[in-house]
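Please read the structure below before turning to the comments.
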Amino acid sequence: MFWQDYVRVESVDEALDNLCRLSGDGRIIAGGTDLILQLRAGQKKTRCLMDISSVNSLCGITHKNEKIIIGAATTHSQISNSSLLFTNAPLLSQACSQIGSPQIRNIGTIGGNIVNAQPAADSVIALLALDATCIIVSKDGLRDMPIETLFSGPGISTIDSTQHIVTEIHFDTVSSSAGSAFCRLSRRKAGSLPILNCGVCLHWNSEENTITQLRIAMGPVAPTPMRLYETEKAFTSDTFSMKLMQEVLNKTPEEICPRSSLRGGREYRKEMAKVLVKKAMLKALEIAGWNNGG
Amino acid sequence: MADRSKKTISVTVNGAEHTLTIPPDRVLLDMLREDLGLTGTKRGCGNGECGACSVIMDGILVNSCLVPAMKANGSEILTVEGLGDEGGLHPIQEAFLEKGAVQCGFCTPGMLLAAKNLLDQNPHPSIEEIKKAISGNLCRCTGYTKIIEAIESVNRAD
């Protein structure tokens with residue numbers, strides 16, 4: 001048997017009590033689209049699965065004081081169909097609309113995508129660009145963690161699902177004067193993991209012709225989803241021009257360390273990273289009011 | 001004596017209520033095929049890639065090979081067996097026949113349910129919307145053209 005017991009909990013407290021009682025033998029499940037496969041393959045083990053997908057407080061999207069709060073058990077379909085997010089965080093809508101297939105998006109959750117810690121996780125790349133934080137609860141209390149701190153290796157999260165539960169994801173809305181974009185390179189339009197994906201959030205200062213508050217996230221170009229801090233710094237250190245764009249992009253491959261896989265070789269990914277960052281930057285700049293040649 | 005490791009769930013499948021006692025690691029696909037004998041739902045890849053096992057659970061399309069049966073407890077499931085009845089085929093099934101959208105037939109049950117799920121929400125979808133709706137269902141025979149034509153023709157009077 002892959003698991004001996006399965007409990008659908010009705011509250012976060014109930015889930016925490018159970019996890020505590022089982023001391024390591026219980027594990028949180030939400031959509032399960034990744035976890036079921038990992039349990040079948042023996043990559044993860046558990047005695048009891050604790051299903052949090054019908055806990056009301058973990059489902060839904062709210063907008064409060066320029067902040068967006070997404071319940072961790074909200075599905076990718078709910079996120080990509082949300083008009084609130086389409087307006088306030090379009091890059092996250094785009095990212096979630098490209099995960100897996102309709103069937104996977106209908107069941108798979110944003111919290112699960114984070115905990116599964118894949119370096120190419122589409123929603124995580126968008127959330128890194130949004131500088132999101134996650135609320136994580138355990139019997140020891142509540143922690144507010146920047147999303148960037150939640151990954152320690154490919155498929156390895158610092159969130160231990162035998163003890164911790166991600167409850168909410170928070171980030172600031174992308175204001176109407178800002179620009180954002182999510183771009184993805186994959187072999188097919190559906191059912192295909194990304195060769196590369198990139199999320200960008202930025203502000204444009206049209207008086208000084210400079211980019212301010214830039215965040216660029218990229219996957220899978222390192223063992224974990226990655227912020228391109230060097231590239232960001234280079235873009236914001238000078239007056240922006242297409243010449244600067246090219247100079248910065250030429251150095252971007254030095255900042256990343258992709259591996260070769262069936263989906264794409266290391267050198268190919270390094271070259272295409274330049275193309276994808278450029279595409280995402282131009283899209284975000286245009287939205288933020290930058291006028292090429294103007 | 002009852003096996004204490006087993007769990008009892010109730011589900012409504014194609015309008016009929018069932019109470020089943022199953023191992024807790026049963027997935028919905030096996031529950032449908034093995035426990036209820038509804039073999040219209042196909043096992044393709046078993047990994048959530050191909051969509052052959054697609055069913056509609058509480059109004060959403062899911063890969064039944066990835067859904068623990070325990071998760072389906074209390075839900076309403078529609079499988080291909082629930083589309084038509086003895087009185088006749090469902091209009092989507094008629095359209096698939098009419099347009100020649102079936103070759104080997106293995107993807108067809110999942111394809112029909114993906115189409116049903118789309119048409120329930122959007123009775124007159126565009127070609128692009130149809131392509132997106134069946135993007136989680138692989139067909140290795142038809143090249144999809146006939147399937148798309150069939151779905152497009154369902155709610156059009158000709």
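Labels for the structure tokens follow display order: chains A, B, ..., residues from 1 in each chain, ligands from 1.
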Compute the set of chain B residues within 9 Å of chain A, using only C-alpha atoms, and express it as a list in words. Ser5, Lys6, Lys7, Pro23, Pro24, Asp25, Asn47, Gly48, Glu49, Cys50, Gly51, Ser54, Ile60, Leu61, Val62, Asn63, Leu66, Val67, Pro68, Met70, Lys71, Lys132, Ala133, Ile134, Ser135, Gly136 and Asn137 of chain B
Considering only C-alpha atoms, tabulate each residue of segment 102-134 of chain B that lies at most 10 Å from segment 91-95 of chain B along with its nearest interatomic pair and the corresponding distance in Å to one decimal; arrange the rows by chain and ascending residue number and present them as a tab-separated table.
residue	atom	partner	partner_atom	distance
B:Val102	CA	B:Gln93	CA	9.8
B:Thr108	CA	B:Gln93	CA	9.3
B:Pro109	CA	B:Gln93	CA	9.5
B:Leu112	CA	B:Ile92	CA	6.8
B:Leu113	CA	B:Ile92	CA	9.2
B:Ala115	CA	B:Ile92	CA	7.5
B:Lys116	CA	B:Ile92	CA	7.3
B:Leu119	CA	B:Ile92	CA	9.3
Would you write out those residues with C-alpha atoms, as a short mmCIF file (atom, residue, chain, number, x, y, z; two decimals), in the first residue's frame?
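This went into again23.cif:
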data_model
loop_
_atom_site.label_atom_id
_atom_site.label_comp_id
_atom_site.auth_asym_id
_atom_site.auth_seq_id
_atom_site.Cartn_x
_atom_site.Cartn_y
_atom_site.Cartn_z
CA VAL B 102 -13.02 8.08 -33.51
CA THR B 108 -12.53 8.85 -26.94
CA PRO B 109 -14.13 8.55 -23.47
CA LEU B 112 -15.95 13.20 -24.89
CA LEU B 113 -15.85 14.32 -21.26
CA ALA B 115 -15.81 18.23 -24.74
CA LYS B 116 -18.83 17.92 -22.42
CA LEU B 119 -19.70 22.80 -23.87
#
All residues 8 Å or closer to segment 157-162 of chain A, only C-alpha atoms, same chain fewer than 5 positions away omitted, as a ChimeraX atom specification: /A:19,23-28,114-117,136,149-152
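You can rank A:Ala129, A:Cys198, A:Cys96, A:Val174 by their closest distance to Glu66 of chain A using only C-alpha atoms, and at the top of that list sits A:Val174.
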If you measure from atom CA of Met145 of chain A to atom CA of Asp122 of chain A, what distance in Å do you get, rounded to one decimal? 19.2 Å
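Of note, atom CA of Ser75 of chain B and atom CA of Leu20 of chain B are spaced 13.1 Å apart.
Between atom CA of Asn113 of chain A and atom CA of Val12 of chain A the interatomic distance comes to 18.7 Å.
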Residues at most 9 Å from Gln94 of chain A, counting only C-alpha atoms, excluding those fewer than 3 positions away in the same chain, as a PyMOL selection string? chain A and resi 80+86+90-91+97-98+123+126+181-183
Please dump the current selection as a PDB file, in the first residue's frame; keep N, CA and C atoms.
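As a result, selection_0.pdb now contains:
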ATOM      1  N   SER A  80      -5.788  31.242 -12.683  1.00  0.00           N
ATOM      2  CA  SER A  80      -5.720  31.758 -14.055  1.00  0.00           C
ATOM      3  C   SER A  80      -7.059  32.314 -14.527  1.00  0.00           C
ATOM      4  N   PHE A  86      -5.909  38.884 -12.870  1.00  0.00           N
ATOM      5  CA  PHE A  86      -5.663  39.323 -14.244  1.00  0.00           C
ATOM      6  C   PHE A  86      -5.324  40.816 -14.246  1.00  0.00           C
ATOM      7  N   PRO A  90      -0.956  40.100 -13.478  1.00  0.00           N
ATOM      8  CA  PRO A  90      -1.172  39.337 -14.725  1.00  0.00           C
ATOM      9  C   PRO A  90      -0.115  38.268 -14.975  1.00  0.00           C
ATOM     10  N   LEU A  91       1.102  38.490 -14.513  1.00  0.00           N
ATOM     11  CA  LEU A  91       2.133  37.475 -14.763  1.00  0.00           C
ATOM     12  C   LEU A  91       1.831  36.174 -14.040  1.00  0.00           C
ATOM     13  N   SER A  97      -1.750  29.623 -16.029  1.00  0.00           N
ATOM     14  CA  SER A  97      -2.543  29.123 -17.152  1.00  0.00           C
ATOM     15  C   SER A  97      -1.731  28.198 -18.052  1.00  0.00           C
ATOM     16  N   GLN A  98      -0.418  28.115 -17.801  1.00  0.00           N
ATOM     17  CA  GLN A  98       0.421  27.288 -18.676  1.00  0.00           C
ATOM     18  C   GLN A  98       0.952  26.033 -17.985  1.00  0.00           C
ATOM     19  N   SER A 123       4.437  28.783 -11.382  1.00  0.00           N
ATOM     20  CA  SER A 123       3.842  29.750 -10.453  1.00  0.00           C
ATOM     21  C   SER A 123       4.926  30.352  -9.553  1.00  0.00           C
ATOM     22  N   ALA A 126       6.802  33.219 -11.196  1.00  0.00           N
ATOM     23  CA  ALA A 126       6.000  34.449 -11.132  1.00  0.00           C
ATOM     24  C   ALA A 126       6.012  35.020  -9.716  1.00  0.00           C
ATOM     25  N   ALA A 181       5.681  40.745 -16.736  1.00  0.00           N
ATOM     26  CA  ALA A 181       5.537  39.787 -17.830  1.00  0.00           C
ATOM     27  C   ALA A 181       5.985  38.412 -17.384  1.00  0.00           C
ATOM     28  N   PHE A 182       5.390  37.396 -18.004  1.00  0.00           N
ATOM     29  CA  PHE A 182       5.838  36.016 -17.794  1.00  0.00           C
ATOM     30  C   PHE A 182       6.030  35.397 -19.167  1.00  0.00           C
ATOM     31  N   CYS A 183       7.201  34.862 -19.439  1.00  0.00           N
ATOM     32  CA  CYS A 183       7.466  34.232 -20.729  1.00  0.00           C
ATOM     33  C   CYS A 183       7.971  32.820 -20.515  1.00  0.00           C
TER      34      CYS A 183
END
Among segment 43-150 of chain B, which ones does DSSP assign to alpha helix (DSSP H) (computed from the backbone)? Answer as a ChimeraX atom specification. /B:91-99,108-121,127-133,145-150
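Omitting Ser10 of chain B and its sequence neighbours fewer than 5 positions away, and counting only C-alpha atoms, the residues within 10 Å are Glu17, His18, Thr19, Leu20, Thr21, Ala69, Met70, Ala72, Asn73, Gly74, Ser75 and Glu76 of chain B.
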Non-local contacts of Asn14 of chain B (8 Å; only C-alpha atoms; under 3 positions in same chain excluded) as a PyMOL selection string: chain B and resi 76-79+81-82
Take the selection from the previous step and output its residues with N, CA and C atoms, as a CSV table (one decimal), in the first residue's frame.
chain,number,residue,atom,x,y,z
B,76,GLU,N,-19.8,14.1,-7.0
B,76,GLU,CA,-20.6,13.6,-8.1
B,76,GLU,C,-19.7,13.4,-9.3
B,77,ILE,N,-19.7,12.2,-9.8
B,77,ILE,CA,-18.8,11.9,-10.9
B,77,ILE,C,-19.6,11.6,-12.2
B,78,LEU,N,-19.1,12.1,-13.3
B,78,LEU,CA,-19.7,11.7,-14.6
B,78,LEU,C,-18.6,11.0,-15.4
B,79,THR,N,-19.0,9.8,-15.8
B,79,THR,CA,-18.1,9.0,-16.7
B,79,THR,C,-18.8,8.9,-18.1
B,81,GLU,N,-20.0,6.4,-19.4
B,81,GLU,CA,-21.2,5.6,-19.3
B,81,GLU,C,-22.5,6.5,-19.0
B,82,GLY,N,-22.2,7.7,-18.4
B,82,GLY,CA,-23.3,8.5,-18.1
B,82,GLY,C,-23.7,9.5,-19.1
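Every protein or nucleic acid residue with an atom no more than 12 Å from His63 of chain A, counting only C-alpha atoms and leaving out same-chain residues fewer than 5 positions away, appears here: Ile68, Ile69, Ile70, Gly71, Ser82, Ser83, Leu84, Leu85, Thr87, Asn88, Ala89, Ile169, His170, Phe171, Asp172, Thr173 and Val174 of chain A.
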